[in-house]
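Visitor: Let me give you the structure first, and then I'll get to my questions.
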Amino acid sequence: MRTQLILLDHDPAVVALACRPVELVWREGGKHLAHAPQLMARLKDGTGLLVDSVGQGGPSARLVQRARVVAAAAQAAGWGYRLAEPPDPVVVANVRWLAGYRHPRYAARARSAAVAEVFARPRPVVEAVRELGDPIAVWPAVFHALWSGVLRVRLDEPLHERAVVSVSRQEADAA
């Protein structure tokens, strides 16, 4: 669940997150059943997304049964619902690393225009960092820009100094 929370937090379409925000209660076969989805994400478009994490062994029969009810309730509310399978370990490692630079103190506002400019064309991140100045000061700003979506990199490949980074499309369109 923690991993799904970090991945949702990194998703630019997500504007708010809550853990176990609702509990659905229904009657089935003479029994009262209940289920509280693990996470809810509020999306930019105003809709919601309910999420239940699935372990390595896949969803249990009980969760599959309850997921059908939750999906129908979410759809009736204009929300989405998904059973989130364990993500790619490389993506998880990369996003967890970048999450360490999530705080705005790493943004280095004085460098933000220079960071966007130096990555105007895709290039190995280490080359751009050297060009921007003191690596001790620049790397955190670059990692924050990757976390916040100002810059982009393939997250399904291990991050390293030769990873190719570029300005994200939305940032390029805004410039």
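By convention in this document, the chains of the structure tokens carry letters A, B, ... by their order, each chain's residues are numbered from 1, and ligands are numbered from 1 in the order they are shown.
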Could you give me, as JSON, numbers by chain, the residues within 6 Å of stretch 83-93 of chain A, counting only C-alpha atoms and dropping anything in the same chain fewer than 6 positions from it?
Guide: {"A": [51, 52, 53, 54, 155, 156]}
Visitor: Looking at only C-alpha atoms, which of A:Gln65, A:Ser112, A:Thr47, A:Ser168 is the one that sits closest to A:Leu132?
Guide: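 Counting only C-alpha atoms, the residue closest to A:Leu132 is A:Ser112.
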Visitor: Would you compute the distance between atom CA of A:Val115 and atom CA of A:Ile136? Give it in Å to one decimal.
Guide: 14.5 Å
Visitor: Taking the DSSP assignment computed from this structure's backbone, write out as a short mmCIF file (atom, residue, chain, number, x, y, z; two decimals) with C-alpha atoms, in the first residue's frame all residues of stretch 8-127 of chain A that belong to helix (DSSP H, G or I).
Guide:
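Saved the output as states.cif:
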data_model
loop_
_atom_site.label_atom_id
_atom_site.label_comp_id
_atom_site.auth_asym_id
_atom_site.auth_seq_id
_atom_site.Cartn_x
_atom_site.Cartn_y
_atom_site.Cartn_z
CA LEU A 8 -0.07 8.00 -6.77
CA ASP A 9 1.68 10.95 -5.13
CA HIS A 10 4.05 11.10 -8.09
CA ALA A 61 -11.12 -14.69 -3.88
CA ARG A 62 -12.69 -12.52 -1.17
CA LEU A 63 -11.05 -9.36 -2.54
CA VAL A 64 -12.11 -10.20 -6.11
CA GLN A 65 -15.72 -10.59 -4.94
CA ARG A 66 -15.65 -7.33 -3.01
CA ALA A 67 -13.84 -5.54 -5.83
CA ARG A 68 -16.84 -6.11 -8.12
CA VAL A 69 -19.12 -4.36 -5.62
CA VAL A 70 -16.64 -1.52 -5.01
CA ALA A 71 -16.12 -1.02 -8.76
CA ALA A 72 -19.88 -0.77 -9.31
CA ALA A 73 -20.27 1.71 -6.43
CA ALA A 74 -17.32 3.77 -7.66
CA GLN A 75 -18.76 3.87 -11.17
CA ALA A 76 -22.14 5.00 -9.80
CA PRO A 89 10.63 -3.04 -8.97
CA VAL A 90 12.74 -0.68 -11.09
CA VAL A 91 9.93 1.89 -11.24
CA VAL A 92 9.44 1.54 -7.48
CA ALA A 93 13.14 2.06 -6.75
CA ASN A 94 13.31 5.12 -9.01
CA VAL A 95 10.15 6.76 -7.67
CA ARG A 96 11.16 6.09 -4.06
CA TRP A 97 14.52 7.74 -4.73
CA LEU A 98 12.90 10.78 -6.32
CA ALA A 99 10.35 11.00 -3.49
CA PRO A 104 9.94 22.26 -2.10
CA ARG A 105 13.23 23.13 -0.39
CA TYR A 106 14.94 21.19 -3.18
CA ARG A 109 13.91 28.42 -7.69
CA ALA A 110 16.90 30.51 -8.71
CA ARG A 111 17.98 27.61 -10.92
CA SER A 112 14.57 26.49 -12.22
CA ALA A 113 14.77 28.41 -15.52
CA ALA A 114 18.35 27.23 -16.07
CA VAL A 115 17.37 23.63 -15.30
CA ALA A 116 14.56 23.74 -17.86
CA GLU A 117 16.81 25.42 -20.42
CA VAL A 118 19.73 22.99 -20.09
CA VAL A 125 21.75 14.10 -16.80
CA VAL A 126 25.37 14.26 -15.65
CA GLU A 127 26.34 16.49 -18.59
#
Visitor: For each of A:Val153, A:His35, A:Val15, A:Glu161, take the minimum atom-to-atom distance to A:Pro135, counting only C-alpha atoms, then give the residue where this is smallest.
Guide: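 Once distances to A:Pro135 are computed over only C-alpha atoms, the minimum belongs to A:Glu161.
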Visitor: Report the distance between atom CA of A:Leu33 and atom CA of A:Trp79 in Å, rounded to one decimal place.
Guide: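 It comes out at 21.0 Å.
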Visitor: Just the number, please: distance in Å from atom CA of A:Ala120 to atom CA of A:Ser166, one decimal.
Guide: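 Answer for the atom CA of A:Ala120 to atom CA of A:Ser166 separation: 6.2 Å.
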Visitor: So, counting only C-alpha atoms, which residue among A:Leu24, A:Ala108, A:Val14, A:Val164 is closest to A:Gly48?
Guide: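 Of all the options, A:Val14 lies closest to A:Gly48.
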Visitor: Run DSSP on the backbone and tell me which residues of chain A come out as strand (DSSP E); list them as JSON, numbers by chain.
Guide: {"A": [14, 15, 16, 17, 18, 19, 24, 25, 26, 27, 28, 31, 32, 33, 34, 35, 39, 40, 41, 42, 43, 48, 49, 50, 51, 52, 53, 80, 81, 82, 83, 84, 123, 124, 151, 152, 164, 165, 166, 167]}
